[in-house]
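Take a look at the structure below.
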Amino acid sequence: AIYSYIILPPGTTVAPAMRAAYEEHRVRILTHIIASATALLVGPFQFFPVVRNRRSLHRKLGYIYFASVAIGGAAGFAMAFIAYGGLASRMGFGTLAVLWLFTAARALLSVKNKDYSAHQTWAIRCFALTLAAVTLRIYLGLFFAAGFTFDAFYPALGWLCWVPNLLFVERVLVRSHTTAQPG
């Protein structure tokens, strides 16, 4: 995906109806893609205990991750106003951007206040939202494979790419919280 957005001409790999927006807003889109891809690449390392146990490394990677989310989220919010698919897409992607920035800020504030449990919880939520980029591409493939037209399913992707991720993480967090409570 990164290759197609950066190397190929704008909009080459997107639906024809989206090409004009890609050409007109290339900087906004590339800023979002590069920063978000950085968050996707750095984020998973934070889940490895060996990285978390090396506090200096965890902190440095965390700052890279949160800077990437801040830039990618701000650019994503700006992109929401031009999202293909009408109001449903714009609201879905706009809400995703706001929540992505909010969860990152809460994770960062929690660690600054030395509330490591809250930091972990908010960072997990934030990464679930980061994975919206992956979920979106999975749904694209599934909907095309099922024979749906782009116009028929794309407006729903503004919500489908992140709501299930967040619901899944919330369920896991609630479950781990209730099993950790003394009985």
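By order in the structure tokens, chains are A, B, ...; within a chain, residues start at 1; ligands start at 1, following the order shown.
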Within 12 Å of region 149-153 of chain A, which residues of region 85-129 of chain A come that close, and what is the closest atom pair and distance in Å for each? Count only C-alpha atoms and give it as a tab-separated table.
```
residue	atom	partner	partner_atom	distance
A:Gly85	CA	A:Asp151	CA	7.2
A:Gly86	CA	A:Asp151	CA	10.3
A:Ala88	CA	A:Phe153	CA	11.0
A:Ser89	CA	A:Phe153	CA	10.2
```
Considering only alpha helix (DSSP H) as DSSP defines it on the backbone, what residues of region 25-182 of chain A qualify? List them as a PyMOL selection string. chain A and resi 26-42+49-53+55-80+86-112+116-130+132-145+150-160+163-180
Would you mind exporting the chosen residues as a short mmCIF file (atom, residue, chain, number, x, y, z; two decimals), in the first residue's frame, restricted to C-alpha atoms?
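What follows is the written file again-v6.cif:
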```cif
data_model
loop_
_atom_site.label_atom_id
_atom_site.label_comp_id
_atom_site.auth_asym_id
_atom_site.auth_seq_id
_atom_site.Cartn_x
_atom_site.Cartn_y
_atom_site.Cartn_z
CA ARG A 26 -1.58 14.73 -2.38
CA VAL A 27 0.40 16.34 0.48
CA ARG A 28 -2.39 15.80 3.01
CA ILE A 29 -2.81 12.20 1.93
CA LEU A 30 0.91 11.40 1.83
CA THR A 31 1.44 12.99 5.24
CA HIS A 32 -1.29 10.76 6.66
CA ILE A 33 0.06 7.66 4.94
CA ILE A 34 3.71 8.11 5.92
CA ALA A 35 2.99 9.01 9.55
CA SER A 36 0.37 6.29 9.94
CA ALA A 37 2.63 3.68 8.35
CA THR A 38 5.35 4.66 10.82
CA ALA A 39 2.89 4.13 13.69
CA LEU A 40 1.95 0.74 12.22
CA LEU A 41 5.59 -0.27 11.99
CA VAL A 42 6.68 0.96 15.44
CA PRO A 49 8.14 -7.62 26.93
CA VAL A 50 11.82 -7.38 25.96
CA VAL A 51 11.17 -3.88 24.56
CA ARG A 52 8.96 -2.79 27.47
CA ASN A 53 11.58 -4.02 29.96
CA ARG A 55 12.59 1.38 29.44
CA SER A 56 14.82 3.66 27.38
CA LEU A 57 14.01 1.78 24.17
CA HIS A 58 10.29 1.60 25.04
CA ARG A 59 10.25 5.35 25.72
CA LYS A 60 12.06 6.23 22.47
CA LEU A 61 9.83 4.01 20.37
CA GLY A 62 6.82 5.38 22.24
CA TYR A 63 7.72 8.95 21.33
CA ILE A 64 8.15 7.95 17.68
CA TYR A 65 4.80 6.15 17.81
CA PHE A 66 2.95 9.03 19.47
CA ALA A 67 4.50 11.63 17.14
CA SER A 68 3.43 9.48 14.20
CA VAL A 69 -0.10 9.18 15.57
CA ALA A 70 -0.27 12.94 16.18
CA ILE A 71 0.78 13.74 12.63
CA GLY A 72 -1.16 10.88 11.04
CA GLY A 73 -4.26 11.63 13.10
CA ALA A 74 -4.23 15.35 12.31
CA ALA A 75 -3.77 14.61 8.61
CA GLY A 76 -6.45 11.91 8.84
CA PHE A 77 -8.86 14.40 10.36
CA ALA A 78 -8.14 16.82 7.52
CA MET A 79 -8.70 13.98 5.05
CA ALA A 80 -12.05 13.11 6.62
CA GLY A 86 -20.49 11.15 1.56
CA LEU A 87 -21.43 12.05 5.11
CA ALA A 88 -21.24 8.46 6.42
CA SER A 89 -17.61 8.12 5.35
CA ARG A 90 -16.68 11.59 6.53
CA MET A 91 -18.23 11.08 9.96
CA GLY A 92 -16.69 7.62 10.36
CA PHE A 93 -13.18 8.64 9.35
CA GLY A 94 -13.45 11.91 11.25
CA THR A 95 -14.49 10.10 14.43
CA LEU A 96 -11.65 7.63 13.96
CA ALA A 97 -9.13 10.48 13.68
CA VAL A 98 -10.46 12.23 16.79
CA LEU A 99 -10.47 9.02 18.84
CA TRP A 100 -7.01 8.07 17.59
CA LEU A 101 -5.64 11.42 18.74
CA PHE A 102 -7.60 11.26 22.01
CA THR A 103 -6.41 7.75 22.95
CA ALA A 104 -2.81 8.68 22.14
CA ALA A 105 -3.06 11.81 24.29
CA ARG A 106 -4.59 9.84 27.17
CA ALA A 107 -1.84 7.20 26.94
CA LEU A 108 0.83 9.87 26.93
CA LEU A 109 -0.72 11.83 29.81
CA SER A 110 -1.11 8.63 31.83
CA VAL A 111 2.56 7.74 31.55
CA LYS A 112 3.56 11.31 32.36
CA TYR A 116 1.30 2.83 34.03
CA SER A 117 -1.85 0.73 34.15
CA ALA A 118 -3.90 3.49 32.52
CA HIS A 119 -1.06 4.11 30.06
CA GLN A 120 -1.14 0.48 28.97
CA THR A 121 -4.93 0.49 28.58
CA TRP A 122 -5.01 3.70 26.54
CA ALA A 123 -2.03 2.59 24.43
CA ILE A 124 -3.83 -0.67 23.59
CA ARG A 125 -6.93 1.27 22.55
CA CYS A 126 -4.77 3.59 20.47
CA PHE A 127 -3.10 0.71 18.67
CA ALA A 128 -6.49 -0.91 17.97
CA LEU A 129 -7.36 2.32 16.16
CA THR A 130 -3.98 2.34 14.40
CA ALA A 132 -7.90 0.48 11.25
CA ALA A 133 -5.62 0.86 8.22
CA VAL A 134 -5.14 -2.91 8.11
CA THR A 135 -8.79 -3.69 8.82
CA LEU A 136 -9.90 -1.33 6.04
CA ARG A 137 -7.76 -3.18 3.52
CA ILE A 138 -9.07 -6.55 4.67
CA TYR A 139 -12.65 -5.34 4.22
CA LEU A 140 -11.82 -3.93 0.78
CA GLY A 141 -10.68 -7.35 -0.33
CA LEU A 142 -13.62 -9.15 1.28
CA PHE A 143 -16.26 -6.84 -0.18
CA PHE A 144 -14.73 -6.98 -3.66
CA ALA A 145 -14.44 -10.78 -3.41
CA PHE A 150 -17.09 0.05 -4.43
CA ASP A 151 -19.89 2.60 -4.10
CA ALA A 152 -22.09 0.06 -2.31
CA PHE A 153 -19.70 -0.67 0.55
CA TYR A 154 -17.16 2.14 0.84
CA PRO A 155 -19.29 4.52 2.94
CA ALA A 156 -19.59 1.82 5.62
CA LEU A 157 -15.80 1.37 5.75
CA GLY A 158 -15.43 4.69 7.58
CA TRP A 159 -16.94 2.86 10.55
CA LEU A 160 -16.21 -0.82 9.88
CA VAL A 163 -15.41 0.10 15.43
CA PRO A 164 -14.98 -3.72 15.54
CA ASN A 165 -11.30 -3.28 16.51
CA LEU A 166 -12.22 -1.04 19.42
CA LEU A 167 -15.12 -3.26 20.53
CA PHE A 168 -12.83 -6.29 20.50
CA VAL A 169 -10.17 -4.51 22.56
CA GLU A 170 -12.76 -3.21 25.03
CA ARG A 171 -14.06 -6.75 25.52
CA VAL A 172 -10.53 -8.04 26.13
CA LEU A 173 -9.77 -5.19 28.53
CA VAL A 174 -12.99 -5.72 30.49
CA ARG A 175 -12.38 -9.46 30.62
CA SER A 176 -8.80 -9.04 31.83
CA HIS A 177 -9.93 -6.49 34.41
CA THR A 178 -12.64 -8.76 35.81
CA THR A 179 -10.38 -11.81 35.94
CA ALA A 180 -7.69 -9.78 37.70
#
```
Could you check how far CA of Tyr84 (chain A) sits from CA of Phe148 (chain A), in Å to one decimal?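 CA of Phe148 (chain A) lies 16.4 Å from CA of Tyr84 (chain A).
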